[in-house]
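Worksheet for the structure shown next.
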Protein chains: 2
Amino acid sequence: MKLGLFGYGNIGRGVYKVAQNLDISYDCVIKKVFDLPIKKDELKDKLVTNIDDIINDPEIGAVVEVLGGHDLPYEVITRCLKAGKSVVTANKEVVSMHLEEFINLAHLNNCSFCFEASAGGGIPVLRPLIDNIKVNEVNNIFGILNGTTNYILTKMDEEDLSFDEALKLAQQNGFAEANPTADLEGLDIVRKINIISSIAFKGNINNNDIYHYGITNVTKEILNHIKELGYVLKFVASSKRIENDVIIRVEPTIVRPNHPFATIKDEFNAILFNGSTNGDLLFYGKGAGPLPTATAIISDVISILENRSYIHFKNERKLIVNKNIKNEYKYYIVDEFNNGKFIDSPDDSTLLSAKFYARVLD
Amino acid sequence: MKLGLFGYGNIGRGVYKVAQNLDISYDCVIKKVFDLPIKKDELKDKLVTNIDDIINDPEIGAVVEVLGGHDLPYEVITRCLKAGKSVVTANKEVVSMHLEEFINLAHLNNCSFCFEASAGGGIPVLRPLIDNIKVNEVNNIFGILNGTTNYILTKMDEEDLSFDEALKLAQQNGFAEANPTADLEGLDIVRKINIISSIAFKGNINNNDIYHYGITNVTKEILNHIKELGYVLKFVASSKRIENDVIIRVEPTIVRPNHPFATIKDEFNAILFNGSTNGDLLFYGKGAGPLPTATAIISDVISILENRSYIHFKNERKLIVNKNIKNEYKYYIVDEFNNGKFIDSPDDSTLLSAKFYARVLD
């Protein structure tokens with residue numbers, strides 16, 4: 001099969017590299033790569049600078065979209081699917097917003113839409129989850145879903161760095177973008193927990209309905225308080241379904257050192273499910289980076305080559321994100337005088353008036 | 001599709017229960033169950049007491065084998081595959097011994113052989129691994145693969161029980177069999193690490209070639225030594241490939257409290273892979289128990305119903321289990337006077353003359 005690749009940045013280069021090492025029996029070749037003219041030296045004749053050159057090429061059976069952003073990827077994905085080309089993407093923004101539309105387009109046009117890399121990066125979590133929920137009803141999800149912020153919290157804790165020092169280190173090591181706001185405020189995590197929850201709970205969720213509170217207020221002092229109390233600070237997404245109600249939040253969270261999340265360090269991610277027949281299931285691995293992400297993308301490509309890619313995502317439930325529900329969790333709240341205390345079931349206004357807060361996950 | 005079920009013990013009952021809750025759209029029914037006449041009251045007309053009643057029934061398209069043991073399961077599996085019936089099994093003994101034969105028989109007879117539940121119980125690990133290794137070359141595997149022994153070590157540590165007290169508690173709670181030898185000596189783990197390694201490394205391994213040392217010599221005193229040194233004791237399988245050489249061992253192992261394995265408690269299992277493109281990947285969940293195991297089995301059944309079950313296991317490499325290789329690991333060795341010390345790269349005779357030893361996994 002001939003592939004088209006949209007985007008030749010860090011991830012695109014990883015995809016190109018991993019695809020070249022694919023077993024020859026798959027007979028799978030990247031025929032064209034869409035990017036800016038500046039990539040001509042690297043890509044030579046493979047470069048195209050007009051998306052139509054891939055979309056209208058009848059020889060190309062599947063495309064990989066790793067452009068980033070929303071508008072162009074949305075156009076590329078919908079037009080490719082309508083042209084009967086299978087699509088593999090790592091784009092959490094478009095997947096979290098348009099998953100149902102993409103799946104329906106793929107069904108209508110007898111092709112596939114695959115998005116393993118869009119949540120959990122290199123961790124093979126979505127496909128096992130899609131398989132698993134046919135038997136096991138999942139009602140509770142916890143995730144450490146952002147490598148940048150987990151790296152920052154790890155370095156603050158282990159190397160006694162300030163927030164700014166740890167952020168700078170993350171940027172120097174390629175774990176944080178020049179503009180890290182989407183990571184630090186939890187927007188990146190919002191999209192990922194949305195994708196995972198939509199699949200696990202079989203219904204659509206709007207990104208805007210997901211409560212999120214970032215980690216920019218974390219100080220060394222606060223981290224030391226938390227350590228003295230016997231906890232470890234993590235940036236955790238949680239999602240819980242009760243009938244059609246969903247409580248879904250992204251917020252700093254403290255866990256005991258013997259909680260599996262306490263050992264998830266640096267740029268690693270983890271996703272923990274609790275289900276009816278399986279009990280706890282946890283997946284852990286590199287949530288970002290060109291090679292892990294490319295591995296997930298090429299795994300999706302292989303599933304297309306082997307005709308195993310059909311995804312039975314059904315939007316079966318009318319889910320309601322319950323934002324006003326009384327918060328049933330326990331929180332650790334730091335006031336303006338740097339005094340920390342535990343409070344059961346605080347309302348959101350109490351949380352937001354705090355200098356810093358973290359949910360307690362015992 | 002009509003199913004046949006071989007075996008109606010704890011796991012068989014779990015399979016029966018989970019299958020009954022399957023989405024009606026699958027149109028999947030257990031038509032006959034093979035077991036002893038004593039199950040007649042429970043199973044009524046579904047019971048058959050002759051395996052031929054299932055094998056020769058042309059209406060039955062797939063079977064689930066949860067008999068336990070070797071000879072009868074081997075006969076059932078090979079005859080069903082030859083009759084063109086797909087087979088799903090949780091039987092680690094037969095799978096670890098005959099995997100290549102079963103896969104070849106399935107290919108020859110245009111049906112499927114699925115064995116997700118045979119290693120890792122309820123953890124969906126084999127299918128993601130089979131997908132993953134098409135891209136990611138795995139060279140290192142670590143596993144906590146036995147719920148009984150992990151439960152015993154957890155209880156000894158957390159509730160200060162002796163080995164015998166913890167074993168008794170495991171038996172009372174249904175986590176250990178009346179004859180726990182295969183668990184305690186590591187034979188059960190040998191089979192599971194064999195299945196996982198064979199798939200990850202793409203070659204056959206003989207159970208008899210796998211070095212194993214059990215946990216029966218663990219005492220409260222030794223556990224306390226280990227705790228004072230800042231470690232946690234686990235029963236770990238490790239498997240490492242260098243070219244065609246494999247070093248594969250099952251032995252007590254001590255890990256730092258911040259190692260992911262330190263948080264794997266009670267009857268939970270975990271499998272950690274290190275691969276070329278993905279870095280570390282870890283899967284964690286319930287390794288045993290009727291419902292988790294049945295979940296894995298029914299997931300396999302669904303993959304057959306959805307025509308996604310074809311497993312590309314290729315015995316590509318002539319693997320050599322290198323048993324005489326100089327051990328490159330560090331060990332904690334307790335001598336006859338209860339003195340513990342660390343030794344780098346001891347030979348196996350040094351290990352076996354110790355009162356107790358544990359590998360050090362830093």
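Residues in the structure tokens are numbered from 1 in each chain, the chains being A, B, ... in the order shown, and ligands are numbered from 1 in the order shown.
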Quick one: everything within 9 Å of region 240-242 of chain A, counting only C-alpha atoms, minus sequence neighbours fewer than 6 positions away in the same chain. Send it as a list in words.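 In the requested form, the answer reads Val138, Asn139, Asn140, Ile141, Phe142, Ser197, Phe201, Ile248 and Leu319 of chain A.
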Include all heavy atoms and write out the residues we just selected as a compact mmCIF listing (two decimals), in the first residue's frame.
```
# COMPACT_ATOMS: atom_id res chain seq x y z
N VAL A 138 -16.36 -0.22 32.08
CA VAL A 138 -15.45 0.68 32.78
C VAL A 138 -16.23 1.85 33.36
O VAL A 138 -17.04 2.48 32.68
CB VAL A 138 -14.37 1.22 31.82
CG1 VAL A 138 -13.52 2.30 32.49
CG2 VAL A 138 -13.48 0.09 31.34
N ASN A 139 -15.99 2.15 34.63
CA ASN A 139 -16.70 3.25 35.27
C ASN A 139 -15.80 4.30 35.89
O ASN A 139 -16.26 5.36 36.28
CB ASN A 139 -17.63 2.70 36.36
CG ASN A 139 -18.76 1.92 35.75
OD1 ASN A 139 -19.39 2.37 34.80
ND2 ASN A 139 -19.00 0.72 36.26
N ASN A 140 -14.51 4.01 35.93
CA ASN A 140 -13.58 4.90 36.60
C ASN A 140 -12.26 4.92 35.85
O ASN A 140 -11.71 3.86 35.54
CB ASN A 140 -13.29 4.36 38.01
CG ASN A 140 -13.85 5.24 39.08
OD1 ASN A 140 -13.60 6.45 39.08
ND2 ASN A 140 -14.61 4.64 39.97
N ILE A 141 -11.77 6.11 35.55
CA ILE A 141 -10.50 6.24 34.84
C ILE A 141 -9.65 7.27 35.57
O ILE A 141 -10.15 8.33 35.94
CB ILE A 141 -10.73 6.73 33.39
CG1 ILE A 141 -11.73 5.84 32.67
CG2 ILE A 141 -9.41 6.79 32.62
CD1 ILE A 141 -12.26 6.45 31.38
N PHE A 142 -8.38 6.96 35.74
CA PHE A 142 -7.41 7.93 36.23
C PHE A 142 -6.24 7.95 35.26
O PHE A 142 -5.84 6.90 34.77
CB PHE A 142 -6.89 7.56 37.62
CG PHE A 142 -7.95 7.60 38.69
CD1 PHE A 142 -8.60 6.45 39.08
CD2 PHE A 142 -8.28 8.81 39.30
CE1 PHE A 142 -9.58 6.49 40.06
CE2 PHE A 142 -9.25 8.85 40.28
CZ PHE A 142 -9.92 7.69 40.67
N SER A 197 -12.24 8.77 27.76
CA SER A 197 -13.55 8.63 28.42
C SER A 197 -14.65 8.38 27.40
O SER A 197 -15.56 7.59 27.64
CB SER A 197 -13.88 9.89 29.22
OG SER A 197 -12.89 10.15 30.18
N PHE A 201 -16.72 5.15 28.00
CA PHE A 201 -18.11 5.33 28.44
C PHE A 201 -19.10 5.32 27.28
O PHE A 201 -20.31 5.47 27.48
CB PHE A 201 -18.25 6.66 29.20
CG PHE A 201 -17.37 6.78 30.42
CD1 PHE A 201 -17.05 8.04 30.94
CD2 PHE A 201 -16.88 5.66 31.07
CE1 PHE A 201 -16.24 8.16 32.07
CE2 PHE A 201 -16.08 5.78 32.20
CZ PHE A 201 -15.76 7.04 32.69
N ILE A 248 -15.74 14.62 35.41
CA ILE A 248 -14.46 14.53 34.72
C ILE A 248 -13.65 15.78 35.03
O ILE A 248 -14.11 16.91 34.85
CB ILE A 248 -14.71 14.31 33.20
CG1 ILE A 248 -13.43 14.19 32.39
CG2 ILE A 248 -15.62 15.34 32.60
CD1 ILE A 248 -13.68 13.62 30.98
N LEU A 319 -24.28 11.23 27.32
CA LEU A 319 -23.57 11.55 28.55
C LEU A 319 -23.78 13.01 28.94
O LEU A 319 -23.81 13.89 28.09
CB LEU A 319 -22.07 11.29 28.38
CG LEU A 319 -21.63 9.85 28.15
CD1 LEU A 319 -20.11 9.81 27.93
CD2 LEU A 319 -22.00 8.96 29.33
```
Which residues are close to region 228-234 of chain B, i.e. within 9 Å by only C-alpha atoms, leaving aside same-chain residues fewer than 6 positions away? Reply as a CSV table (one decimal) with C-alpha atoms, in the first residue's frame.
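Written file, result_29.csv:
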```
chain,number,residue,atom,x,y,z
B,144,ILE,CA,5.4,-10.3,38.3
B,149,THR,CA,3.1,-15.7,45.4
B,150,ASN,CA,2.7,-11.9,45.1
B,153,LEU,CA,4.9,-11.7,49.8
B,154,THR,CA,2.5,-8.7,50.2
B,157,ASP,CA,5.4,-7.6,54.4
B,251,GLU,CA,13.8,-15.8,41.0
B,252,PRO,CA,13.2,-13.7,44.1
B,253,THR,CA,14.1,-10.1,43.2
B,254,ILE,CA,14.5,-7.0,45.3
B,255,VAL,CA,13.5,-3.6,44.0
B,256,ARG,CA,13.7,0.0,45.2
B,257,PRO,CA,10.4,1.4,46.6
B,261,PHE,CA,7.1,-3.2,40.6
B,262,ALA,CA,7.2,-2.1,44.3
B,264,ILE,CA,2.3,-4.2,42.6
B,358,ALA,CA,17.4,-12.4,45.6
B,360,VAL,CA,18.9,-6.8,42.8
```
Taking the backbone alone, and naming residues the way the document does, which bits of region 29-133 of chain A are strand (DSSP E or B) by DSSP, as a tab-separated table (two decimals) with all heavy atoms, in the first residue's frame?
```tsv
chain	number	residue	atom	x	y	z
A	29	VAL	N	4.87	1.74	1.55
A	29	VAL	CA	5.83	2.79	1.23
A	29	VAL	C	5.18	4.16	1.37
A	29	VAL	O	4.02	4.34	0.97
A	29	VAL	CB	6.34	2.62	-0.22
A	29	VAL	CG1	7.26	3.77	-0.60
A	29	VAL	CG2	7.03	1.28	-0.39
A	30	ILE	N	5.90	5.12	1.94
A	30	ILE	CA	5.41	6.49	1.98
A	30	ILE	C	5.72	7.13	0.62
A	30	ILE	O	6.87	7.32	0.25
A	30	ILE	CB	6.06	7.29	3.13
A	30	ILE	CG1	5.61	6.70	4.47
A	30	ILE	CG2	5.69	8.77	3.03
A	30	ILE	CD1	6.22	7.37	5.69
A	31	LYS	N	4.65	7.43	-0.13
A	31	LYS	CA	4.84	7.92	-1.50
A	31	LYS	C	5.02	9.44	-1.53
A	31	LYS	O	5.84	9.96	-2.29
A	31	LYS	CB	3.62	7.53	-2.35
A	31	LYS	CG	3.76	7.89	-3.83
A	31	LYS	CD	2.49	7.55	-4.63
A	31	LYS	CE	2.63	8.03	-6.08
A	31	LYS	NZ	1.35	7.89	-6.81
A	32	LYS	N	4.22	10.16	-0.74
A	32	LYS	CA	4.29	11.62	-0.75
A	32	LYS	C	4.21	12.17	0.66
A	32	LYS	O	3.53	11.61	1.53
A	32	LYS	CB	3.12	12.20	-1.56
A	32	LYS	CG	3.16	11.89	-3.05
A	32	LYS	CD	1.93	12.42	-3.76
A	32	LYS	CE	1.96	12.10	-5.25
A	32	LYS	NZ	0.68	12.43	-5.92
A	33	VAL	N	4.91	13.29	0.88
A	33	VAL	CA	4.87	13.96	2.17
A	33	VAL	C	4.46	15.42	1.95
A	33	VAL	O	5.11	16.13	1.17
A	33	VAL	CB	6.25	13.93	2.87
A	33	VAL	CG1	6.16	14.59	4.24
A	33	VAL	CG2	6.76	12.50	3.00
A	34	PHE	N	3.40	15.84	2.63
A	34	PHE	CA	2.99	17.24	2.55
A	34	PHE	C	3.67	18.05	3.64
A	34	PHE	O	3.61	17.69	4.82
A	34	PHE	CB	1.47	17.37	2.70
A	34	PHE	CG	1.03	18.79	2.94
A	34	PHE	CD1	0.85	19.67	1.88
A	34	PHE	CD2	0.81	19.27	4.23
A	34	PHE	CE1	0.48	20.99	2.10
A	34	PHE	CE2	0.43	20.58	4.46
A	34	PHE	CZ	0.27	21.45	3.39
A	47	LEU	N	8.29	15.47	-1.56
A	47	LEU	CA	7.58	16.62	-1.00
A	47	LEU	C	6.47	17.10	-1.93
A	47	LEU	O	6.67	17.26	-3.14
A	47	LEU	CB	8.55	17.79	-0.77
A	47	LEU	CG	7.88	19.05	-0.19
A	47	LEU	CD1	7.55	18.87	1.28
A	47	LEU	CD2	8.76	20.28	-0.38
A	48	VAL	N	5.29	17.30	-1.34
A	48	VAL	CA	4.22	18.03	-2.05
A	48	VAL	C	3.80	19.18	-1.13
A	48	VAL	O	3.84	19.06	0.10
A	48	VAL	CB	3.01	17.14	-2.40
A	48	VAL	CG1	3.41	16.00	-3.32
A	48	VAL	CG2	2.33	16.60	-1.15
A	60	ILE	N	-2.72	6.26	-3.45
A	60	ILE	CA	-2.52	6.35	-2.00
A	60	ILE	C	-3.77	5.85	-1.27
A	60	ILE	O	-4.85	6.40	-1.43
A	60	ILE	CB	-2.17	7.79	-1.58
A	60	ILE	CG1	-0.77	8.14	-2.11
A	60	ILE	CG2	-2.24	7.97	-0.07
A	60	ILE	CD1	-0.31	9.55	-1.82
A	61	GLY	N	-3.58	4.76	-0.49
A	61	GLY	CA	-4.71	4.12	0.17
A	61	GLY	C	-4.94	4.59	1.59
A	61	GLY	O	-6.04	4.46	2.14
A	62	ALA	N	-3.91	5.13	2.20
A	62	ALA	CA	-4.04	5.57	3.60
A	62	ALA	C	-3.10	6.74	3.84
A	62	ALA	O	-2.06	6.87	3.18
A	62	ALA	CB	-3.70	4.43	4.55
A	63	VAL	N	-3.48	7.60	4.78
A	63	VAL	CA	-2.64	8.75	5.10
A	63	VAL	C	-2.39	8.82	6.61
A	63	VAL	O	-3.20	8.33	7.41
A	63	VAL	CB	-3.28	10.09	4.64
A	63	VAL	CG1	-3.61	10.04	3.15
A	63	VAL	CG2	-4.51	10.43	5.46
A	64	VAL	N	-1.27	9.42	6.96
A	64	VAL	CA	-0.95	9.72	8.36
A	64	VAL	C	-0.96	11.23	8.51
A	64	VAL	O	-0.28	11.94	7.76
A	64	VAL	CB	0.44	9.15	8.73
A	64	VAL	CG1	0.85	9.63	10.12
A	64	VAL	CG2	0.44	7.63	8.66
A	65	GLU	N	-1.75	11.72	9.47
A	65	GLU	CA	-1.84	13.17	9.70
A	65	GLU	C	-1.13	13.52	11.00
A	65	GLU	O	-1.57	13.12	12.07
A	65	GLU	CB	-3.32	13.59	9.75
A	65	GLU	CG	-3.56	15.08	9.89
A	65	GLU	CD	-3.43	15.58	11.33
A	65	GLU	OE1	-4.10	15.00	12.23
A	65	GLU	OE2	-2.66	16.54	11.57
A	86	SER	N	-8.04	5.58	4.25
A	86	SER	CA	-7.97	5.42	5.70
A	86	SER	C	-7.05	6.49	6.29
A	86	SER	O	-6.11	6.92	5.63
A	86	SER	CB	-7.44	4.04	6.06
A	86	SER	OG	-8.39	3.06	5.70
A	87	VAL	N	-7.37	6.92	7.51
A	87	VAL	CA	-6.61	7.98	8.15
A	87	VAL	C	-6.08	7.51	9.50
A	87	VAL	O	-6.81	6.91	10.29
A	87	VAL	CB	-7.49	9.24	8.36
A	87	VAL	CG1	-6.73	10.29	9.18
A	87	VAL	CG2	-7.94	9.82	7.03
A	88	VAL	N	-4.80	7.80	9.75
A	88	VAL	CA	-4.20	7.58	11.06
A	88	VAL	C	-3.74	8.94	11.56
A	88	VAL	O	-3.05	9.67	10.83
A	88	VAL	CB	-2.99	6.63	10.97
A	88	VAL	CG1	-2.33	6.47	12.34
A	88	VAL	CG2	-3.40	5.29	10.40
A	89	THR	N	-4.12	9.30	12.78
A	89	THR	CA	-3.71	10.59	13.30
A	89	THR	C	-3.27	10.50	14.76
A	89	THR	O	-3.70	9.61	15.50
A	89	THR	CB	-4.84	11.65	13.16
A	89	THR	OG1	-4.36	12.90	13.65
A	89	THR	CG2	-6.06	11.25	13.97
A	113	PHE	N	-10.57	4.83	10.42
A	113	PHE	CA	-10.03	5.98	11.14
A	113	PHE	C	-9.36	5.47	12.40
A	113	PHE	O	-10.01	4.84	13.25
A	113	PHE	CB	-11.14	6.98	11.48
A	113	PHE	CG	-10.62	8.15	12.26
A	113	PHE	CD1	-9.80	9.09	11.65
A	113	PHE	CD2	-10.92	8.30	13.60
A	113	PHE	CE1	-9.29	10.16	12.36
A	113	PHE	CE2	-10.42	9.37	14.32
A	113	PHE	CZ	-9.60	10.31	13.70
A	114	CYS	N	-8.06	5.70	12.55
A	114	CYS	CA	-7.29	5.17	13.67
A	114	CYS	C	-6.60	6.30	14.41
A	114	CYS	O	-6.06	7.22	13.78
A	114	CYS	CB	-6.23	4.19	13.17
A	114	CYS	SG	-6.93	2.78	12.31
```
Which residues of chain B come within 6 Å of chain A, and what is each one's closest atom pair and distance in Å (one decimal), counting only C-alpha atoms, sorted by chain and residue number, as CSV?
```
residue,atom,partner,partner_atom,distance
B:Asn258,CA,A:Thr263,CA,5.3
B:Pro260,CA,A:Thr263,CA,5.4
B:Thr263,CA,A:Asn258,CA,5.3
B:Thr277,CA,A:Leu291,CA,5.3
B:Asn278,CA,A:Pro292,CA,4.5
B:Asp280,CA,A:Gly285,CA,5.6
B:Leu281,CA,A:Gly285,CA,4.4
B:Leu282,CA,A:Tyr284,CA,4.8
B:Phe283,CA,A:Phe283,CA,4.8
B:Tyr284,CA,A:Leu282,CA,4.8
B:Gly285,CA,A:Leu281,CA,4.4
B:Leu291,CA,A:Thr277,CA,5.3
B:Pro292,CA,A:Asn278,CA,4.5
B:Arg308,CA,A:Arg308,CA,5.4
```
Quick check for you: according to DSSP on this backbone, which residues of region 1-77 of chain B are classed as helix (DSSP H, G or I)? Reply as a PyMOL selection string. chain B and resi 10-20+24-26+37-46+52-55+71-77
